[in-house]
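Read through the structure below, which is laid out as structure tokens, and then see the notes.
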Amino acid sequence: MIRIDSVTKRYPDGTVAVDRLSLEIPDRSITVLVGPSGCGKTTTLRMINRMVEPTEGTITLDGVDIMKQPVNTLRRSMGYVIQNAGLFQHRTIIDNIATVPRMLGWGKDKARARAGELMERVGLDSALAKRYPYQLSGGQQQRVGVARALAADPPVLLMDEPFSAVDPIVRKGLQDELLRIQEELGKTIVFVTHDIDEAVKLGTMVAVMRTGGHLAQFAPPAELLTDPADAFVEDFLGADRGIRRLSFFPSAGLELLTAPIVAVDATAEQIAARATGDAPYLLVTDLDGKPLGWAEPGELTAGEIRQDQLLACGRPFVAGKESLRAALDCAVLSPTGWAVAVDGEGRAAGVVSQQTIGEAIRGAHAERRADGKTDGKKDSRDSKGSKKDGTTEKAAR
Amino acid sequence: MNVLNYIDAFFSDSAHWQGYDGIPTRLAEHIQYTLEALAIAAAVGLPVGLLTGHTGRGGNILALIATAGRALPSFGLMVLMFVLLGLGLAPVMIPLVVLAIPPILVTTYEAMRSVDPAPVDAARGMGMAETEVLFRVELPVALPLILSGLRSAAIQIVSTATIAAYVSFGGLGRYIVDGLYQRDYEKVVGGATLVAALALVTLGVFWAAGRLSVSRGVRRA
Amino acid sequence: MSELFDMPSDLQHSYLGLVMLHLREALLPVLFGLLVALPLAQLCVRLRWLYPPVLWITTVLYAIPSLAFFVILIDYTGQSELTVMIPLGVYSLVVLVPAIVDAVRSVPQETLAAATAMGFGPVRRYVQVQLPIAAPAIIAGLRVASVSSISLVSVGMLIGNQGALGNLLNSGMIYNQERLIWLSVVGTAVLAILVDAALIGVRILLTPWMPRGTRKNTPTLTAKAAAR
């Protein structure tokens with residue numbers, strides 16, 4: 001575990017970048033430091049590998065003070081990924097990735113073999129191995145940056161706004177890739193970003209920092225959205241946090257209606273039997289069971305169902321796998337007000353109304369309250385402290 | 001076409017190819033002095049430039065040195081040294097070296113400063129020692145610009161060493177200065193051709209050195 | 001006899017006269033170089049394919065030693081001022097063309113697009129937007145060209161005393177007067193420094209919009225100029 005203990009960074013000109021910050025970074029999970037520019041998040045990250053040396057306080061890694069070991073040994077045991085990747089333009093991709101293993105004394109062939117494995121792991125075509133950085137796109141360069149940081153298999157990975165210089169679509173791809181890699185490797189990752197959505201998406205724990213190097217709140221993302229500690233955090237989270245929070249509620253418990261679904265070749269009897277009145281519409285599927293669209297039962301004539309008669313059903317959600325947010329989104333976007341749930345293969349698994357989803361949301365809230373707002377993933381000690389502050393402030397308002 | 005005739009006449013005269021004042025001897029002298037002056041200037045300019053560029057300190061002083069170095073009249077300096085120190089290698093070598101240091105020093109400094117800070121940060125972050133950062137990360141990227149500084153220094157030395165014939169120095173300048181004095185235009189033009197050719201060969205050597213030593217990733221980036 | 005600034009009569013000039021002659025021999029070629037370089041550089045900016053060969057030619061021309069350049073010209077222009085000024089003009093040209101091309105190219109695309117969107121024609125855009133933004137780099141090029149031109153004029157002494165202050169070097173040797181050599185060296189250096197300072201002054205006057213100490217903002221341009 002990385003423990004940051006009342007650490008302060010004061011520069012010679014008197015600026016305080018980080019002010020008596022304490023933070024416990026849990027092992028094998030992603031901890032995100034997020035905040036506006038000047039909040040000291042990058043300074044905090046850079047103090048962990050001593051790119052910046054703390055003025056006061058201590059940082060320990062597995063109980064050992066980081067100041068007590070040789071600085072380069074410390075850094076070689078931590079992967080470091082920065083914005084724009086910072087690749088060595090005079091080295092090929094494979095040699096960029098092999099840098100740290102080579103420094104650690106690995107043979108050239110072994111280091112390159114390892115680099116090759118990592119290229120695959122981060123989703124880079126092995127044909128790129130002999131290319132130079134200038135021949136790669138920004139997203140590819142960033143993947144190389146991640147591979148390079150992972151090359152010597154360090155237990156800790158420090159990532160300083162690694163995805164902020166690429167366009168949103170590429171960024172989403174990189175984020176998904178990071179989550180996938182993390183699932184396989186289980187590193188202790190400290191991730192700095194100014195993008196709260198990225199923080200909420202990636203973080204197991206999120207530390208929101210405010211200007212002047214103060215910790216505003218340290219909590220799992222769901223809790224952050226439910227219960228921001230103060231006005232600053234609430235403001236930083238931005239609008240729609242209620243909706244965004246639904247991302248953390250599974251759709252598994254939703255009661256799906258399977259009755260109002262008919263295949264495109266349905267007979268008049270089948271149509272009649274399915275029009276039970278539970279739903280005002282019937283969902284028509286193709287012969288594989290994939291949803292085609294909605295229609296009122298009276299509009300359907302057996303044997304003559306045509307696609308252009310149907311109301312579009314929009315993007316369905318994957319039952320059980322996607323969150324209540326996805327379900328609600330489908331329902332809101334659907335012209336009928338009903339969401340379509342599909343299974344992993346895209347076959348209709350059932351339909352659900354806005355009203356049912358609303359009940360599920362209320363139910364989920366109640367359940368959370370009963371659970372004492374814990375979420376399983378979170379480290380309760382730290383978040384309790386900050387939450388207490390939050391509640392008092394709220395009470396004062 | 002006159003000049004071409006002179007050149008032809010100069011190079012076809014077999015007397016110009018042998019002896020104390022023969023082309024091989026003069027050429028060898030010129031190359032030797034150039035290499036010596038360049039080596040001394042590089043021995044001073046490169047380490048200081050690399051170090052100041054790496055640490056980022058001393059930029060203002062270097063800018064001053066650059067301006068002062070350019071403002072010094074090379075020819076006048078050489079004559080002055082000759083008058084002060086008398087006949088010999090020193091009065092010529094000193095101005096040659098003094099003139100060659102500023103381009104090497106300042107270009108090396110600027111080359112190091114213009115290296116993208118991101119890879120340097122990444123290198124430190126992954127635990128490279130400072131010397132490794134300098135030689136394995138910054139230097140390969142700064143190399144093309146550093147070579148261009150060495151190239152201008154070398155060309156300046158070749159050019160100034162020619163003028164040094166006026167203060168009884170050897171090398172290819174002898175043909176020009178003696179030729180002018182003897183009103184032997186054939187000799188003058190022959191010498192000028194040789195000096196120009198040597199300068200172009202110098203360019204070529206540095207071009208080749210760049211092709212060989214600069215990574216393809218840097219050249220194209 | 002030796003008042004500090006007394007001149008041998010064969011030089012046919014007072015010290016001040018030599019200084020003025022030196023300035024003229026050094027700076028007229030730079031002015032000429034600038035006048036040719038501006039349109040040539042603009043052409044290189046317009047026609048991108050033209051720039052690499054032009055860059056090659058300039059590098060090669062700049063490499064040719066001044067004395068070799070002078071003496072080859074003697075056959076055409078005699079042992080005259082012109083013989084000294086032509087190579088200096090060429091050197092200035094080859095320093096200025098890349099400096100201007102790089103400077104004009106470094107004007108941000110957005111700035112140009114904004115100017116075009118506001119309805120600037122190509123000429124107006126060049127004169128009112130590109131040139132002013134490129135001015136600091138152009139002046140950096142002018143500084144290098146002027147200072148080295150001032151230094152090189154002295155070499156003209158070797159081709160029949162066409163070296164202005166450089167002629168004092170020869171007189172000093174002939175008449176065994178160290179004083180004359182000092183006058184030449186110090187005079188030339190001071191002249192170079194004054195012209196350099198004057199150009200810095202011009203830059204400050206022309207670009208009041210630039211923050212102080214901006215040479216750090218254009219490291220590559222400075223380095224390229226330094227490499228010349």
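Every chain in the structure tokens takes a letter, A first, then B, and so on in the order presented; its residues are numbered from 1, and the ligands are numbered from 1 following the presented order.
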- Query: Could you name the residues that touch Met126 (chain B) at 8 Å or less, counting only C-alpha atoms, but leaving out those on the same chain fewer than 5 positions away, as a PyMOL selection string?
  - Reply: chain A and resi 72+75-76+78-80+100+149
Those same residues, written as an mmCIF file, in the first residue's frame with all heavy atoms?
data_model
loop_
_atom_site.group_PDB
_atom_site.id
_atom_site.type_symbol
_atom_site.label_atom_id
_atom_site.label_comp_id
_atom_site.auth_asym_id
_atom_site.auth_seq_id
_atom_site.Cartn_x
_atom_site.Cartn_y
_atom_site.Cartn_z
ATOM 1 N N ASN A 72 16.680 5.959 -8.036
ATOM 2 C CA ASN A 72 16.459 5.298 -9.324
ATOM 3 C C ASN A 72 15.940 3.870 -9.174
ATOM 4 O O ASN A 72 15.222 3.376 -10.028
ATOM 5 C CB ASN A 72 17.723 5.352 -10.178
ATOM 6 C CG ASN A 72 17.955 6.764 -10.706
ATOM 7 O OD1 ASN A 72 16.999 7.533 -10.845
ATOM 8 N ND2 ASN A 72 19.200 7.110 -10.971
ATOM 9 N N ARG A 75 12.258 4.386 -8.688
ATOM 10 C CA ARG A 75 11.548 4.729 -9.924
ATOM 11 C C ARG A 75 11.438 3.538 -10.860
ATOM 12 O O ARG A 75 10.453 3.386 -11.579
ATOM 13 C CB ARG A 75 12.271 5.879 -10.623
ATOM 14 C CG ARG A 75 12.098 7.189 -9.875
ATOM 15 C CD ARG A 75 12.870 8.296 -10.549
ATOM 16 N NE ARG A 75 12.791 9.532 -9.776
ATOM 17 C CZ ARG A 75 13.577 10.578 -9.997
ATOM 18 N NH1 ARG A 75 14.477 10.540 -10.962
ATOM 19 N NH2 ARG A 75 13.445 11.662 -9.266
ATOM 20 N N ARG A 76 12.479 2.691 -10.858
ATOM 21 C CA ARG A 76 12.413 1.528 -11.752
ATOM 22 C C ARG A 76 11.364 0.537 -11.291
ATOM 23 O O ARG A 76 10.935 -0.317 -12.060
ATOM 24 C CB ARG A 76 13.786 0.855 -11.841
ATOM 25 C CG ARG A 76 14.725 1.641 -12.736
ATOM 26 C CD ARG A 76 16.154 1.149 -12.675
ATOM 27 N NE ARG A 76 17.049 2.231 -13.070
ATOM 28 C CZ ARG A 76 18.364 2.143 -13.119
ATOM 29 N NH1 ARG A 76 18.956 1.018 -12.792
ATOM 30 N NH2 ARG A 76 19.094 3.171 -13.491
ATOM 31 N N MET A 78 8.440 1.440 -10.368
ATOM 32 C CA MET A 78 7.125 2.037 -10.619
ATOM 33 C C MET A 78 7.018 2.417 -12.087
ATOM 34 O O MET A 78 7.913 3.069 -12.624
ATOM 35 C CB MET A 78 6.953 3.320 -9.797
ATOM 36 C CG MET A 78 6.962 3.112 -8.303
ATOM 37 S SD MET A 78 6.744 4.696 -7.471
ATOM 38 C CE MET A 78 6.671 4.143 -5.779
ATOM 39 N N GLY A 79 5.949 1.990 -12.731
ATOM 40 C CA GLY A 79 5.739 2.422 -14.115
ATOM 41 C C GLY A 79 5.292 3.876 -14.112
ATOM 42 O O GLY A 79 4.647 4.328 -13.171
ATOM 43 N N TYR A 80 5.659 4.614 -15.161
ATOM 44 C CA TYR A 80 5.353 6.046 -15.192
ATOM 45 C C TYR A 80 4.842 6.384 -16.583
ATOM 46 O O TYR A 80 5.540 6.172 -17.574
ATOM 47 C CB TYR A 80 6.628 6.818 -14.859
ATOM 48 C CG TYR A 80 6.509 8.310 -14.739
ATOM 49 C CD1 TYR A 80 5.581 8.893 -13.879
ATOM 50 C CD2 TYR A 80 7.351 9.147 -15.460
ATOM 51 C CE1 TYR A 80 5.494 10.267 -13.759
ATOM 52 C CE2 TYR A 80 7.274 10.526 -15.333
ATOM 53 C CZ TYR A 80 6.339 11.074 -14.476
ATOM 54 O OH TYR A 80 6.285 12.441 -14.348
ATOM 55 N N VAL A 100 13.162 -0.038 -19.689
ATOM 56 C CA VAL A 100 13.409 -0.333 -18.273
ATOM 57 C C VAL A 100 13.991 -1.741 -18.083
ATOM 58 O O VAL A 100 14.983 -1.898 -17.359
ATOM 59 C CB VAL A 100 12.142 -0.119 -17.418
ATOM 60 C CG1 VAL A 100 12.445 -0.431 -15.958
ATOM 61 C CG2 VAL A 100 11.672 1.314 -17.549
ATOM 62 N N ALA A 149 5.660 1.456 -19.579
ATOM 63 C CA ALA A 149 5.591 1.539 -18.119
ATOM 64 C C ALA A 149 5.413 0.149 -17.504
ATOM 65 O O ALA A 149 5.854 -0.104 -16.390
ATOM 66 C CB ALA A 149 4.458 2.456 -17.706
#
- Item | Residues of chain B within 8 Å of chain C, only C-alpha atoms counted, as a PyMOL selection string | chain B and resi 2-3+66-68+70-77+79-80+83+103-104+106-107+110-111+113-114+145+148-149+152-153+155-156+158-160+162-163+176-177+180+188-189+191-193+195-196+199-200+203
- Hey, what does DSSP flag as helix (DSSP H, G or I) within region 70-192 of chain B? Can you give it to me as a PyMOL selection string? chain B and resi 70-71+74-85+90-113+117-125+130-167+173-182+185-192
Tell me the residues of chain B close to chain A, meaning within 6 Å using only C-alpha atoms, as a PDB file with N, CA, C and O atoms, in the first residue's frame.
ATOM      1  N   ALA B 118       9.121  16.227 -22.491  1.00  0.00           N
ATOM      2  CA  ALA B 118       8.318  15.069 -22.077  1.00  0.00           C
ATOM      3  C   ALA B 118       9.131  13.768 -21.997  1.00  0.00           C
ATOM      4  O   ALA B 118       9.086  13.089 -20.973  1.00  0.00           O
ATOM      5  N   PRO B 119       9.885  13.403 -23.046  1.00  0.00           N
ATOM      6  CA  PRO B 119      10.673  12.172 -22.932  1.00  0.00           C
ATOM      7  C   PRO B 119      11.710  12.250 -21.820  1.00  0.00           C
ATOM      8  O   PRO B 119      12.018  11.230 -21.198  1.00  0.00           O
ATOM      9  N   ALA B 122       9.882  11.501 -18.747  1.00  0.00           N
ATOM     10  CA  ALA B 122       9.586  10.070 -18.725  1.00  0.00           C
ATOM     11  C   ALA B 122      10.838   9.277 -18.348  1.00  0.00           C
ATOM     12  O   ALA B 122      10.772   8.342 -17.561  1.00  0.00           O
ATOM     13  N   GLY B 125      11.504   9.587 -14.780  1.00  0.00           N
ATOM     14  CA  GLY B 125      10.444   8.879 -14.061  1.00  0.00           C
ATOM     15  C   GLY B 125      10.645   7.384 -14.074  1.00  0.00           C
ATOM     16  O   GLY B 125      10.202   6.693 -13.167  1.00  0.00           O
ATOM     17  N   MET B 126      11.299   6.861 -15.121  1.00  0.00           N
ATOM     18  CA  MET B 126      11.505   5.418 -15.127  1.00  0.00           C
ATOM     19  C   MET B 126      12.834   5.040 -14.509  1.00  0.00           C
ATOM     20  O   MET B 126      13.238   3.893 -14.539  1.00  0.00           O
ATOM     21  N   GLY B 127      13.501   6.051 -13.926  1.00  0.00           N
ATOM     22  CA  GLY B 127      14.675   5.731 -13.121  1.00  0.00           C
ATOM     23  C   GLY B 127      15.999   5.775 -13.843  1.00  0.00           C
ATOM     24  O   GLY B 127      16.927   5.070 -13.479  1.00  0.00           O
ATOM     25  N   SER B 215      19.504   8.929 -35.593  1.00  0.00           N
ATOM     26  CA  SER B 215      18.459   7.910 -35.729  1.00  0.00           C
ATOM     27  C   SER B 215      17.408   8.350 -36.744  1.00  0.00           C
ATOM     28  O   SER B 215      17.078   9.517 -36.852  1.00  0.00           O
ATOM     29  N   GLY B 217      14.381   7.892 -36.572  1.00  0.00           N
ATOM     30  CA  GLY B 217      13.229   8.436 -35.869  1.00  0.00           C
ATOM     31  C   GLY B 217      13.368   9.922 -35.594  1.00  0.00           C
ATOM     32  O   GLY B 217      12.384  10.650 -35.532  1.00  0.00           O
ATOM     33  N   VAL B 218      14.606  10.376 -35.423  1.00  0.00           N
ATOM     34  CA  VAL B 218      14.842  11.800 -35.162  1.00  0.00           C
ATOM     35  C   VAL B 218      14.859  12.573 -36.468  1.00  0.00           C
ATOM     36  O   VAL B 218      14.312  13.662 -36.574  1.00  0.00           O
ATOM     37  N   ALA B 221      11.320  13.045 -37.678  1.00  0.00           N
ATOM     38  CA  ALA B 221      10.312  13.572 -36.756  1.00  0.00           C
ATOM     39  C   ALA B 221      10.177  15.081 -36.900  1.00  0.00           C
ATOM     40  O   ALA B 221      11.075  15.742 -37.338  1.00  0.00           O
TER      41      ALA B 221
END
- Note on the structure: As a check of understanding: the span from CA of Leu89 (chain B) to CA of Gly190 (chain B) is 24.8 Å
- Item | Long-range neighbours of Thr111 (chain C) as a list in words, 9 Å cut-off, only C-alpha atoms, 5 positions minimum in chain |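 Near Thr111 (chain C), the qualifying residues are Thr116, Val129 and Gln130 of chain C.
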May I have the selected residues written with C-alpha atoms, as a CSV table (one decimal), in the first residue's frame?
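Output contents, as saved in again.csv:
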chain,number,residue,atom,x,y,z
C,116,THR,CA,-8.3,35.7,-44.4
C,129,VAL,CA,0.1,40.1,-40.5
C,130,GLN,CA,2.9,37.8,-41.7
I'd like to know which residues of region 140-175 of chain A are strand (DSSP E or B) (by DSSP, run on the backbone); could you write them as a compact mmCIF listing (two decimals) with N, CA and C atoms, in the first residue's frame?
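Listed below is the output, out-v2.txt:
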# COMPACT_ATOMS: atom_id res chain seq x y z
N VAL A 156 3.50 -1.01 -9.15
CA VAL A 156 2.82 0.29 -9.09
C VAL A 156 2.91 0.98 -10.45
N LEU A 157 1.82 1.64 -10.83
CA LEU A 157 1.80 2.36 -12.09
C LEU A 157 1.33 3.78 -11.80
N LEU A 158 2.15 4.76 -12.16
CA LEU A 158 1.76 6.15 -11.97
C LEU A 158 1.38 6.74 -13.31
N MET A 159 0.19 7.30 -13.43
CA MET A 159 -0.25 7.80 -14.72
C MET A 159 -0.69 9.26 -14.59
N ASP A 160 0.02 10.14 -15.29
CA ASP A 160 -0.22 11.58 -15.17
C ASP A 160 -0.96 12.09 -16.41
Could you give me, as a PDB file with all heavy atoms, in the first residue's frame, the residues within 10 Å of Val115 (chain B), counting only C-alpha atoms and dropping anything in the same chain fewer than 4 positions from it?
ATOM      1  N   GLY B  53      23.284  23.154 -21.439  1.00  0.00           N
ATOM      2  CA  GLY B  53      21.999  22.854 -22.067  1.00  0.00           C
ATOM      3  C   GLY B  53      21.196  21.885 -21.221  1.00  0.00           C
ATOM      4  O   GLY B  53      19.989  22.029 -21.072  1.00  0.00           O
ATOM      5  N   HIS B  54      21.855  20.909 -20.649  1.00  0.00           N
ATOM      6  CA  HIS B  54      21.183  19.901 -19.825  1.00  0.00           C
ATOM      7  C   HIS B  54      20.586  20.538 -18.579  1.00  0.00           C
ATOM      8  O   HIS B  54      19.446  20.266 -18.212  1.00  0.00           O
ATOM      9  CB  HIS B  54      22.170  18.803 -19.450  1.00  0.00           C
ATOM     10  CG  HIS B  54      21.611  17.757 -18.537  1.00  0.00           C
ATOM     11  ND1 HIS B  54      20.701  16.814 -18.961  1.00  0.00           N
ATOM     12  CD2 HIS B  54      21.812  17.520 -17.224  1.00  0.00           C
ATOM     13  CE1 HIS B  54      20.377  16.036 -17.938  1.00  0.00           C
ATOM     14  NE2 HIS B  54      21.029  16.455 -16.870  1.00  0.00           N
ATOM     15  N   GLU B 110      21.647  25.334 -27.401  1.00  0.00           N
ATOM     16  CA  GLU B 110      20.285  25.483 -27.924  1.00  0.00           C
ATOM     17  C   GLU B 110      19.706  24.129 -28.335  1.00  0.00           C
ATOM     18  O   GLU B 110      18.522  23.880 -28.153  1.00  0.00           O
ATOM     19  CB  GLU B 110      20.271  26.436 -29.126  1.00  0.00           C
ATOM     20  CG  GLU B 110      20.647  27.874 -28.792  1.00  0.00           C
ATOM     21  CD  GLU B 110      19.531  28.634 -28.088  1.00  0.00           C
ATOM     22  OE1 GLU B 110      18.514  28.015 -27.712  1.00  0.00           O
ATOM     23  OE2 GLU B 110      19.672  29.860 -27.919  1.00  0.00           O
ATOM     24  N   ALA B 111      20.555  23.274 -28.876  1.00  0.00           N
ATOM     25  CA  ALA B 111      20.090  21.943 -29.285  1.00  0.00           C
ATOM     26  C   ALA B 111      19.569  21.181 -28.079  1.00  0.00           C
ATOM     27  O   ALA B 111      18.504  20.560 -28.132  1.00  0.00           O
ATOM     28  CB  ALA B 111      21.225  21.171 -29.945  1.00  0.00           C
ATOM     29  N   PRO B 119       9.885  13.403 -23.046  1.00  0.00           N
ATOM     30  CA  PRO B 119      10.673  12.172 -22.932  1.00  0.00           C
ATOM     31  C   PRO B 119      11.710  12.250 -21.820  1.00  0.00           C
ATOM     32  O   PRO B 119      12.018  11.230 -21.198  1.00  0.00           O
ATOM     33  CB  PRO B 119      11.375  12.051 -24.286  1.00  0.00           C
ATOM     34  CG  PRO B 119      10.637  12.933 -25.204  1.00  0.00           C
ATOM     35  CD  PRO B 119       9.998  14.001 -24.398  1.00  0.00           C
ATOM     36  N   VAL B 120      12.233  13.452 -21.572  1.00  0.00           N
ATOM     37  CA  VAL B 120      13.222  13.606 -20.511  1.00  0.00           C
ATOM     38  C   VAL B 120      12.561  13.327 -19.162  1.00  0.00           C
ATOM     39  O   VAL B 120      13.106  12.611 -18.313  1.00  0.00           O
ATOM     40  CB  VAL B 120      13.825  15.024 -20.544  1.00  0.00           C
ATOM     41  CG1 VAL B 120      14.785  15.222 -19.385  1.00  0.00           C
ATOM     42  CG2 VAL B 120      14.536  15.258 -21.865  1.00  0.00           C
ATOM     43  N   VAL B 137      19.024  10.002 -23.946  1.00  0.00           N
ATOM     44  CA  VAL B 137      17.732  10.576 -24.316  1.00  0.00           C
ATOM     45  C   VAL B 137      17.898  11.926 -24.998  1.00  0.00           C
ATOM     46  O   VAL B 137      17.390  12.142 -26.096  1.00  0.00           O
ATOM     47  CB  VAL B 137      16.825  10.719 -23.066  1.00  0.00           C
ATOM     48  CG1 VAL B 137      15.491  11.331 -23.447  1.00  0.00           C
ATOM     49  CG2 VAL B 137      16.626   9.370 -22.412  1.00  0.00           C
ATOM     50  N   GLU B 138      18.645  12.833 -24.370  1.00  0.00           N
ATOM     51  CA  GLU B 138      18.749  14.183 -24.934  1.00  0.00           C
ATOM     52  C   GLU B 138      19.695  14.239 -26.136  1.00  0.00           C
ATOM     53  O   GLU B 138      19.345  14.752 -27.191  1.00  0.00           O
ATOM     54  CB  GLU B 138      19.222  15.162 -23.848  1.00  0.00           C
ATOM     55  CG  GLU B 138      18.179  15.397 -22.771  1.00  0.00           C
ATOM     56  CD  GLU B 138      18.694  16.306 -21.669  1.00  0.00           C
ATOM     57  OE1 GLU B 138      19.676  15.931 -20.996  1.00  0.00           O
ATOM     58  OE2 GLU B 138      18.132  17.387 -21.490  1.00  0.00           O
ATOM     59  N   LEU B 139      20.900  13.674 -25.956  1.00  0.00           N
ATOM     60  CA  LEU B 139      21.914  13.793 -27.006  1.00  0.00           C
ATOM     61  C   LEU B 139      21.459  13.240 -28.364  1.00  0.00           C
ATOM     62  O   LEU B 139      21.616  13.921 -29.383  1.00  0.00           O
ATOM     63  CB  LEU B 139      23.223  13.138 -26.541  1.00  0.00           C
ATOM     64  CG  LEU B 139      24.415  13.315 -27.477  1.00  0.00           C
ATOM     65  CD1 LEU B 139      24.718  14.787 -27.696  1.00  0.00           C
ATOM     66  CD2 LEU B 139      25.653  12.614 -26.931  1.00  0.00           C
ATOM     67  N   PRO B 140      20.881  12.037 -28.409  1.00  0.00           N
ATOM     68  CA  PRO B 140      20.483  11.523 -29.730  1.00  0.00           C
ATOM     69  C   PRO B 140      19.487  12.432 -30.443  1.00  0.00           C
ATOM     70  O   PRO B 140      19.499  12.521 -31.663  1.00  0.00           O
ATOM     71  CB  PRO B 140      19.826  10.172 -29.406  1.00  0.00           C
ATOM     72  CG  PRO B 140      20.358   9.779 -28.080  1.00  0.00           C
ATOM     73  CD  PRO B 140      20.602  11.055 -27.334  1.00  0.00           C
ATOM     74  N   VAL B 141      18.654  13.108 -29.668  1.00  0.00           N
ATOM     75  CA  VAL B 141      17.657  13.981 -30.277  1.00  0.00           C
ATOM     76  C   VAL B 141      18.277  15.327 -30.667  1.00  0.00           C
ATOM     77  O   VAL B 141      17.910  15.936 -31.671  1.00  0.00           O
ATOM     78  CB  VAL B 141      16.471  14.183 -29.303  1.00  0.00           C
ATOM     79  CG1 VAL B 141      15.450  15.118 -29.902  1.00  0.00           C
ATOM     80  CG2 VAL B 141      15.838  12.847 -28.970  1.00  0.00           C
ATOM     81  N   ALA B 142      19.253  15.772 -29.867  1.00  0.00           N
ATOM     82  CA  ALA B 142      19.888  17.071 -30.132  1.00  0.00           C
ATOM     83  C   ALA B 142      20.957  16.962 -31.212  1.00  0.00           C
ATOM     84  O   ALA B 142      21.420  17.975 -31.731  1.00  0.00           O
ATOM     85  CB  ALA B 142      20.508  17.611 -28.839  1.00  0.00           C
TER      86      ALA B 142
END
Write out as an mmCIF file with C-alpha atoms, in the first residue's frame which residues come within 10 Å of region 334-348 of chain A when counting only C-alpha atoms, dropping same-chain ones fewer than 6 positions away.
data_model
loop_
_atom_site.group_PDB
_atom_site.id
_atom_site.type_symbol
_atom_site.label_atom_id
_atom_site.label_comp_id
_atom_site.auth_asym_id
_atom_site.auth_seq_id
_atom_site.Cartn_x
_atom_site.Cartn_y
_atom_site.Cartn_z
ATOM 1 C CA SER A 251 -29.941 -3.496 -14.098
ATOM 2 C CA LEU A 254 -35.181 -5.112 -13.194
ATOM 3 C CA LEU A 256 -38.615 -7.598 -17.546
ATOM 4 C CA LEU A 257 -41.867 -8.325 -19.340
ATOM 5 C CA THR A 258 -41.505 -11.043 -21.929
ATOM 6 C CA ILE A 261 -42.909 -9.652 -27.829
ATOM 7 C CA ALA A 279 -47.999 -2.961 -22.249
ATOM 8 C CA PRO A 280 -49.732 -0.708 -24.758
ATOM 9 C CA TYR A 281 -47.323 -1.818 -27.490
ATOM 10 C CA LEU A 283 -42.209 -5.422 -29.664
ATOM 11 C CA VAL A 284 -41.660 -7.073 -33.039
ATOM 12 C CA THR A 285 -38.499 -9.129 -33.491
ATOM 13 C CA ASP A 286 -36.963 -10.762 -36.515
ATOM 14 C CA ASP A 288 -33.594 -14.622 -34.732
ATOM 15 C CA GLY A 289 -35.335 -12.761 -31.929
ATOM 16 C CA LYS A 290 -33.523 -9.470 -32.517
ATOM 17 C CA PRO A 291 -35.739 -6.402 -31.924
ATOM 18 C CA LEU A 292 -37.100 -4.623 -35.006
ATOM 19 C CA GLY A 293 -39.509 -2.056 -33.572
ATOM 20 C CA TRP A 294 -42.718 -1.272 -31.750
ATOM 21 C CA ALA A 295 -46.341 -1.354 -32.911
ATOM 22 C CA GLU A 296 -49.794 -1.135 -31.358
ATOM 23 C CA LEU A 311 -41.757 2.642 -34.410
ATOM 24 C CA ALA A 312 -37.992 2.500 -33.982
ATOM 25 C CA CYS A 313 -36.906 0.937 -30.706
ATOM 26 C CA GLY A 314 -33.503 2.679 -30.552
ATOM 27 C CA ARG A 315 -30.477 1.223 -28.847
ATOM 28 C CA PRO A 316 -31.476 -1.519 -26.404
ATOM 29 C CA PHE A 317 -29.598 -2.207 -23.169
ATOM 30 C CA VAL A 318 -27.937 -5.458 -22.233
ATOM 31 C CA ALA A 319 -29.957 -6.958 -19.416
ATOM 32 C CA GLY A 320 -27.979 -7.585 -16.248
ATOM 33 C CA LYS A 321 -24.702 -6.344 -17.741
ATOM 34 C CA GLU A 322 -25.458 -2.686 -18.252
ATOM 35 C CA ALA A 326 -28.385 2.527 -19.685
ATOM 36 C CA ALA A 327 -31.894 1.130 -19.074
ATOM 37 C CA LEU A 328 -33.293 4.548 -18.217
ATOM 38 C CA GLN A 354 -39.996 3.997 -17.468
ATOM 39 C CA GLN A 355 -42.176 3.534 -14.452
ATOM 40 C CA THR A 356 -40.671 0.161 -13.574
ATOM 41 C CA ILE A 357 -37.166 1.568 -13.983
#
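Neighbours of Val97 (chain C) closer than or equal to 8 Å, with only C-alpha atoms counted and sequence neighbours fewer than 6 positions away skipped, come out as Ala37, Leu38, Leu40 and Ala41 of chain C.
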- Item | Polymer residues at most 12 Å from Gly17 (chain C), only C-alpha atoms, same-chain spacing of 6 or more positions, as a list of chain:residue names |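 That gives C:Phe5, C:Asp6, C:Met7, C:Leu11, C:Leu23, C:Arg24, C:Ala164, C:Leu165.
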- Note on the structure: Nearest to Glu53 (chain A), restricted to only C-alpha atoms and choosing among A:Ala17, A:Ile25, A:Met119, A:Leu246, comes out as A:Ala17
- Query: Which of these, B:Ala63, B:Ile157, B:Leu27, B:Ala15, has the shortest distance to Arg174 (chain B) once you count only C-alpha atoms?
  - Reply: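 Closest residue, counting only C-alpha atoms: B:Leu27.
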- Point-to-point distance in Å for CA of Met81 (chain B) and CA of Val44 (chain B):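 These atoms are spaced 20.6 Å apart.
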